[in-house]
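Novice: So that you have it, the file is model.tsv, and it contains TSV, C-alpha atoms and all ligand atoms:
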chain	number	residue	atom	x	y	z
A	99	MET	CA	25.93	20.00	38.22
A	100	ASP	CA	23.20	18.05	36.47
A	101	GLN	CA	22.09	19.60	33.24
A	102	PRO	CA	18.46	20.68	32.80
A	103	PRO	CA	16.58	18.18	30.63
A	104	THR	CA	15.69	18.82	27.01
A	105	HIS	CA	12.74	17.14	25.31
A	106	SER	CA	10.71	17.71	22.18
A	107	PRO	CA	7.59	19.86	22.58
A	108	THR	CA	5.34	16.91	21.74
A	109	ALA	CA	7.01	14.60	24.28
A	110	LEU	CA	6.58	17.28	26.93
A	111	LEU	CA	2.96	17.99	25.99
A	112	ARG	CA	2.09	14.29	26.10
A	113	ALA	CA	3.75	13.75	29.50
A	114	LEU	CA	2.55	16.96	31.15
A	115	LEU	CA	-1.08	16.67	30.09
A	116	SER	CA	-1.38	12.98	30.92
A	117	THR	CA	0.23	13.53	34.33
A	118	ILE	CA	-2.30	16.24	35.12
A	119	GLU	CA	-5.24	14.07	34.11
A	120	THR	CA	-4.06	10.79	35.61
A	121	HIS	CA	-2.29	11.83	38.79
A	122	VAL	CA	-3.04	15.44	39.74
A	123	VAL	CA	-6.74	15.91	39.01
A	124	PRO	CA	-7.84	12.99	41.26
A	125	LEU	CA	-5.79	14.42	44.15
A	126	THR	CA	-7.19	17.89	43.58
A	127	ALA	CA	-10.76	16.60	43.49
A	128	ALA	CA	-10.20	15.09	46.93
A	129	GLY	CA	-8.47	18.25	48.23
A	130	ILE	CA	-11.25	20.56	47.13
A	131	ALA	CA	-13.77	18.51	49.03
A	132	GLY	CA	-11.81	19.42	52.17
A	133	GLY	CA	-11.67	23.15	51.39
A	134	SER	CA	-8.31	23.36	49.58
A	135	LYS	CA	-7.73	25.25	46.34
A	136	VAL	CA	-7.54	23.80	42.81
A	137	PHE	CA	-3.78	24.03	42.36
A	138	GLY	CA	-1.71	20.89	41.82
A	139	ALA	CA	1.82	19.97	40.84
A	140	ALA	CA	4.10	17.09	39.89
A	141	VAL	CA	7.77	16.30	39.40
A	142	LEU	CA	8.66	14.32	36.28
A	143	SER	CA	11.85	12.44	35.57
A	144	GLY	CA	14.12	14.36	33.25
A	145	ALA	CA	15.25	11.05	31.76
A	146	ASP	CA	11.95	9.64	30.50
A	147	LEU	CA	9.31	12.15	31.72
A	148	ALA	CA	7.73	9.55	34.02
A	149	PRO	CA	5.89	11.17	36.95
A	150	LEU	CA	7.86	10.81	40.18
A	151	THR	CA	5.83	12.84	42.69
A	152	ALA	CA	2.39	14.43	42.61
A	153	ALA	CA	0.54	16.60	45.10
A	154	THR	CA	-2.24	19.10	45.41
A	155	ASN	CA	-2.94	22.23	47.42
A	156	ASP	CA	-3.47	21.51	51.11
A	157	GLU	CA	-4.43	24.92	52.48
A	158	ARG	CA	-6.93	23.26	54.70
A	159	ARG	CA	-3.92	22.44	56.89
A	160	SER	CA	-1.67	25.41	56.19
A	161	PRO	CA	-1.83	28.49	53.95
A	162	LEU	CA	1.74	27.70	52.83
A	163	LEU	CA	0.93	24.26	51.45
A	164	HIS	CA	0.37	25.39	47.91
A	165	GLY	CA	0.32	22.58	45.34
A	166	GLU	CA	3.90	23.29	44.29
A	167	VAL	CA	5.28	23.61	47.83
A	168	ASN	CA	3.40	20.50	48.91
A	169	CYS	CA	4.86	18.65	45.91
A	170	ILE	CA	8.40	19.84	46.63
A	171	GLN	CA	8.06	18.78	50.28
A	172	ARG	CA	6.87	15.35	49.22
A	173	PHE	CA	9.64	15.05	46.62
A	174	PHE	CA	12.23	15.59	49.36
A	175	ALA	CA	10.40	13.32	51.80
A	176	GLN	CA	10.01	10.25	49.63
A	177	GLU	CA	12.67	7.54	49.55
A	178	ARG	CA	11.66	5.74	46.39
A	179	PHE	CA	11.10	7.15	42.94
A	180	PRO	CA	8.47	7.17	41.55
A	181	ALA	CA	6.35	7.49	44.68
A	182	ALA	CA	4.46	4.30	45.49
A	183	GLU	CA	1.10	5.77	44.58
A	184	LEU	CA	2.39	6.73	41.14
A	185	ARG	CA	3.65	3.22	40.49
A	186	ALA	CA	0.13	1.92	41.12
A	187	PRO	CA	-1.92	1.76	37.94
A	188	SER	CA	-4.97	3.45	39.37
A	189	PRO	CA	-5.00	6.92	40.92
A	190	ALA	CA	-7.94	5.69	42.98
A	191	ALA	CA	-5.44	3.57	44.91
A	192	ALA	CA	-3.53	6.71	45.83
A	193	LEU	CA	-6.68	8.35	47.10
A	194	ALA	CA	-7.63	5.28	49.06
A	195	SER	CA	-4.21	5.22	50.71
A	196	GLY	CA	-4.47	8.89	51.67
A	197	LYS	CA	-1.07	9.58	50.10
A	198	GLY	CA	-0.14	12.21	47.60
A	199	GLY	CA	-2.57	14.84	48.78
A	200	GLY	CA	-0.72	16.00	51.85
A	201	GLU	CA	-2.35	13.90	54.51
A	202	GLY	CA	-0.44	11.66	56.86
A	203	GLU	CA	2.92	11.44	58.53
A	204	ASN	CA	5.48	14.15	59.10
A	205	PRO	CA	8.05	13.66	56.35
A	206	PRO	CA	11.50	12.48	57.45
A	207	TYR	CA	13.46	14.12	54.58
A	208	PRO	CA	15.80	11.15	54.10
A	209	LEU	CA	19.41	11.74	53.20
A	210	GLY	CA	21.13	9.60	50.59
A	211	SER	CA	17.92	8.41	48.99
A	212	ALA	CA	17.53	7.64	45.31
A	213	ARG	CA	16.15	11.12	44.77
A	214	PRO	CA	17.16	12.53	41.36
A	215	SER	CA	18.63	16.00	41.19
A	216	PRO	CA	15.86	18.61	40.90
A	217	ARG	CA	18.03	20.25	38.25
A	218	ALA	CA	17.57	17.21	36.03
A	219	CYS	CA	13.80	16.96	36.56
A	220	VAL	CA	10.81	18.67	34.98
A	221	PHE	CA	8.45	20.51	37.32
A	222	LEU	CA	4.78	20.72	36.40
A	223	ALA	CA	2.36	23.19	37.97
A	224	THR	CA	-1.27	23.12	36.90
A	225	HIS	CA	-1.38	26.89	37.43
A	226	GLU	CA	1.44	29.38	36.94
A	227	PRO	CA	3.33	29.38	40.26
A	228	CYS	CA	2.79	32.28	42.67
A	229	CYS	CA	5.69	34.21	44.17
A	230	LEU	CA	5.90	31.82	47.15
A	231	CYS	CA	6.18	28.85	44.82
A	232	LEU	CA	8.54	30.55	42.35
A	233	SER	CA	10.91	31.17	45.25
A	234	ALA	CA	10.48	27.60	46.46
A	235	LEU	CA	11.33	26.31	42.98
A	236	ALA	CA	14.41	28.52	42.77
A	237	TRP	CA	15.61	27.48	46.22
A	238	SER	CA	14.99	23.81	45.38
A	239	GLY	CA	16.97	23.87	42.12
A	240	PHE	CA	14.23	23.01	39.63
A	241	ALA	CA	15.35	24.45	36.29
A	242	ARG	CA	12.43	23.57	34.00
A	243	VAL	CA	8.93	24.64	35.02
A	244	TYR	CA	5.78	24.23	32.92
A	245	TYR	CA	2.22	25.24	33.69
A	246	LEU	CA	-1.24	24.79	32.15
A	247	PHE	CA	-3.10	27.90	33.35
A	248	SER	CA	-1.60	31.40	33.38
A	249	TYR	CA	-1.96	34.02	36.12
A	250	ALA	CA	-4.65	35.69	34.04
A	251	ASP	CA	-6.51	32.37	33.83
A	252	THR	CA	-6.29	31.92	37.59
A	253	ARG	CA	-7.76	35.38	38.10
A	254	ASP	CA	-10.36	35.30	35.34
A	255	VAL	CA	-11.38	31.66	35.07
A	256	PHE	CA	-10.97	30.64	38.72
A	257	ALA	CA	-11.71	33.99	40.41
A	258	ILE	CA	-8.50	33.77	42.46
A	259	PRO	CA	-6.56	37.04	41.90
A	260	TYR	CA	-3.87	36.78	44.58
A	261	ASP	CA	-0.95	35.65	42.40
A	262	ILE	CA	-1.08	38.97	40.60
A	263	ASP	CA	-2.15	40.97	43.66
A	264	ILE	CA	0.77	39.84	45.82
A	265	LEU	CA	3.38	40.31	43.10
A	266	GLN	CA	2.05	43.81	42.46
A	267	ALA	CA	1.54	44.90	46.04
A	268	VAL	CA	4.64	43.34	47.64
A	269	PHE	CA	7.32	43.20	44.96
A	270	ARG	CA	6.63	45.88	42.36
A	271	VAL	CA	8.52	48.87	43.68
A	272	PRO	CA	7.82	52.14	41.85
A	273	CYS	CA	10.83	53.69	40.12
A	274	ALA	CA	11.56	56.94	38.30
A	275	SER	CA	11.04	55.39	34.87
A	276	SER	CA	7.72	53.82	35.85
A	277	PRO	CA	6.20	56.17	38.41
A	278	SER	CA	2.54	55.34	37.91
A	279	LEU	CA	1.93	51.69	38.57
A	280	PRO	CA	-1.63	50.46	38.33
A	281	ALA	CA	-3.59	50.58	41.53
A	282	ILE	CA	-4.25	47.24	43.15
A	283	SER	CA	-7.96	47.96	43.06
A	284	ALA	CA	-7.77	47.95	39.27
A	285	ILE	CA	-6.52	44.39	39.16
A	286	GLY	CA	-9.29	42.01	38.32
A	287	GLU	CA	-11.20	44.51	36.24
A	288	GLY	CA	-11.86	43.62	32.66
A	289	SER	CA	-12.23	39.98	33.50
A	290	LYS	CA	-12.80	37.67	30.62
A	291	SER	CA	-15.51	35.10	30.44
A	292	LYS	CA	-14.74	31.52	31.28
A	293	GLY	CA	-12.55	29.65	28.84
A	294	GLU	CA	-11.03	32.70	27.25
A	295	GLY	CA	-7.60	32.30	28.78
A	296	GLU	CA	-5.76	33.39	25.67
A	297	GLU	CA	-3.10	35.29	27.58
A	298	GLY	CA	-1.24	32.12	28.45
A	299	LYS	CA	-0.38	31.61	24.82
A	300	LYS	CA	1.82	34.67	24.82
A	301	GLY	CA	3.94	33.69	27.79
A	302	ASN	CA	4.97	37.13	28.97
A	303	GLU	CA	1.49	38.56	28.79
A	304	SER	CA	0.52	41.79	30.43
A	305	GLU	CA	-1.52	40.56	33.36
A	306	ASN	CA	-1.64	43.91	35.01
A	307	GLY	CA	-2.09	46.78	32.61
A	308	ASP	CA	1.67	47.29	32.67
A	309	GLU	CA	3.98	46.37	29.80
A	310	ARG	CA	6.43	44.61	32.05
A	311	PRO	CA	5.91	40.96	32.96
A	312	LEU	CA	5.36	40.32	36.65
A	313	TYR	CA	8.53	38.25	36.97
A	314	ASN	CA	11.41	36.97	34.83
A	315	ARG	CA	10.13	33.78	33.26
A	316	THR	CA	13.64	33.08	32.03
A	317	ASN	CA	16.25	33.66	34.71
A	318	LYS	CA	19.43	32.13	36.12
A	319	PHE	CA	17.45	29.74	38.31
A	320	PHE	CA	14.73	28.41	36.01
A	321	THR	CA	12.65	28.88	32.91
A	322	ALA	CA	8.88	28.91	33.35
A	323	ARG	CA	6.73	28.28	30.28
A	324	SER	CA	3.10	27.55	29.55
A	325	VAL	CA	2.09	24.39	27.71
A	326	ALA	CA	0.55	26.70	25.08
A	327	GLU	CA	4.05	27.93	24.31
A	328	LEU	CA	5.10	24.34	23.66
A	329	VAL	CA	2.33	23.99	21.10
A	330	ALA	CA	3.67	27.03	19.26
A	331	GLU	CA	6.94	25.11	18.79
A	332	VAL	CA	5.28	22.17	17.03
A	333	ASP	CA	6.13	22.46	13.32
A	334	ASP	CA	3.13	20.75	11.75
A	335	PRO	CA	0.00	22.97	11.74
A	336	GLU	CA	-2.37	19.99	11.91
A	337	GLU	CA	-0.49	18.57	14.86
A	338	ARG	CA	-0.65	21.95	16.55
A	339	GLN	CA	-4.42	21.87	16.22
A	340	VAL	CA	-4.55	18.41	17.78
A	341	TRP	CA	-2.56	19.65	20.77
A	342	GLU	CA	-4.64	22.79	21.13
A	343	LYS	CA	-7.75	20.63	21.35
A	344	GLU	CA	-6.07	18.36	23.87
A	345	ILE	CA	-5.07	21.33	26.03
A	346	ALA	CA	-8.67	22.61	25.87
A	347	ARG	CA	-9.94	19.20	26.92
A	348	VAL	CA	-7.58	18.98	29.92
A	349	ARG	CA	-8.38	22.57	30.91
A	350	GLY	CA	-12.01	21.51	30.81
A	351	LEU	CA	-11.34	18.98	33.55
A	352	TYR	CA	-10.98	21.99	35.85
A	353	ASP	CA	-14.38	23.49	35.07
A	354	GLU	CA	-16.16	21.48	37.69
A	355	LEU	CA	-13.23	21.59	40.12
A	356	GLY	CA	-13.23	25.39	40.08
A	357	GLU	CA	-16.98	25.56	40.58
A	358	ARG	CA	-16.83	23.10	43.46
A	359	TYR	CA	-14.11	25.15	45.16
A	360	GLN	CA	-16.13	28.36	44.84
A	361	ARG	CA	-19.27	26.61	46.08
A	362	GLY	CA	-17.41	25.26	49.10
A	363	LYS	CA	-16.04	28.74	49.81
A	364	ARG	CA	-19.55	30.22	49.72
A	365	GLU	CA	-20.79	27.49	52.01
A	366	GLY	CA	-17.99	28.20	54.48
A	367	VAL	CA	-15.92	25.01	54.12
A	368	GLY	CA	-13.00	25.32	56.56
A	369	SER	CA	-9.50	26.27	55.42
A	370	ALA	CA	-6.37	27.71	57.01
A	371	SER	CA	-6.00	30.10	54.09
A	372	PHE	CA	-6.74	33.77	54.78
A	373	TRP	CA	-6.98	34.70	51.07
A	374	LYS	CA	-9.59	32.41	49.63
B	401	ZN	ZN	1.93	29.15	45.21
Can I see the file as structure tokens?
Specialist:
Amino acid sequence: MDQPPTHSPTALLRALLSTIETHVVPLTAAGIAGGSKVFGAAVLSGADLAPLTAATNDERRSPLLHGEVNCIQRFFAQERFPAAELRAPSPAAALASGKGGGEGENPPYPLGSARPSPRACVFLATHEPCCLCLSALAWSGFARVYYLFSYADTRDVFAIPYDIDILQAVFRVPCASSPSLPAISAIGEGSKSKGEGEEGKKGNESENGDERPLYNRTNKFFTARSVAELVAEVDDPEERQVWEKEIARVRGLYDELGERYQRGKREGVGSASFWK
């Protein structure tokens, strides 16, 4: 079996943040205009961290087309790597072609293509994957998962609480040693103001008033880590500061995207998603 890739924290930070800005944000901007959510994803080569596939949430068509699931579907549908739109120098070309964002043909899922093993790739999610997407990643064989925004960010900064809600309500079974789980109605209280997404820096933060993390971020199928955790691994304090500023800048690219999504929701922009 292919081995999961290993890269230095700085190489990963550079590749992940530039992929978000160059390839994912333009797709997401187009998706939001159609009523889809702000979540995007990409697959990067484990060999050189070049982006191979990028996609954004397409809940306008189906509530299951989360950014990660849409990206996985496209990864298995494409015959050439990187995808054509990622070989083009300008992301505007991808938008003009209608590719990458989920529009277009039914994918053929070609056998025997040049597709690299998911095990040897790096998976990037702009937001910490929900339980649907975590399962999709496990089933698909992706072993290294990184994300920019944590669950707490998604709830507090983007006002979308369902990652935590669904994990709590569907998967967290009470047991004798933990008989009093927090009520679902309590989730979302104590929200922080915009830009204060400090929880992501801790990795296994308590998103829910419970000491236990909501899922195993390190497990036999994959490891899921925030980009903030990568910064903590950079030895040089000055370099850490540079990366913290760069993360803040890329997070800032989502300020307007989040507001536009919420505005569209208020104005009744159509979507197949029940939980908006
Ligand atoms: Zn998801």
Novice: Residues at most 12 Å from segment 365-370 of chain A, counting only C-alpha atoms, excluding those fewer than 6 positions away in the same chain, as a PyMOL selection string?
Specialist: chain A and resi 129-135+155-164+358-359
Novice: Residues up to 12 Å from ligand ZN 401 (chain B), counting all atoms listed in the file: could you list those as a ChimeraX atom specification?
Specialist: /A:135-139,154-157,161-170,223-235,249,252,258,260-262,264-265,371
Novice: Of the candidates A:Phe320, A:Tyr207, A:Pro259, A:Tyr352, which shows the shortest atom-to-atom distance to Phe221 of chain A, using only C-alpha atoms?
Specialist: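 Counting only C-alpha atoms, the residue closest to Phe221 of chain A is A:Phe320.
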Novice: Mind pulling up the distance from atom CA of Ala250 of chain A to atom CA of Leu147 of chain A?
Specialist: 27.5 Å
Novice: Counting only C-alpha atoms, which residues have an atom no more than 10 Å from (13.9, 11.3, 30.3) in the file's coordinates? Please list them as a PyMOL selection string.
Specialist: chain A and resi 103-105+109+142-148+218-220
Novice: Point out the residue among A:Leu312, A:Ala257, A:Leu111, A:Leu209 with the least atom-to-atom distance to Arg338 of chain A, counting only C-alpha atoms.
Specialist: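 Ranked by minimum distance to Arg338 of chain A, first place goes to A:Leu111.
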Novice: In terms of the shortest atom-to-atom distance over all atoms listed in the file, which of A:Leu115, A:Ala128, A:Leu246, A:Val340 is closest to Ala326 of chain A?
Specialist: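 Ranking A:Leu115, A:Ala128, A:Leu246, A:Val340 by distance to Ala326 of chain A, first place goes to A:Leu246.
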Novice: Atom CA of Glu342 of chain A and atom CA of Val329 of chain A are how many Å apart?
Specialist: 7.1 Å
Novice: Work out how far apart atom CA of Thr321 of chain A and atom CA of Leu222 of chain A are and give it in Å to one decimal.
Specialist: 11.9 Å
Novice: Given the choices A:Leu328, A:Val271, A:Val255, A:Ala153, which gets closest to Gln360 of chain A if the distance is worked out from only C-alpha atoms?
Specialist: A:Val255
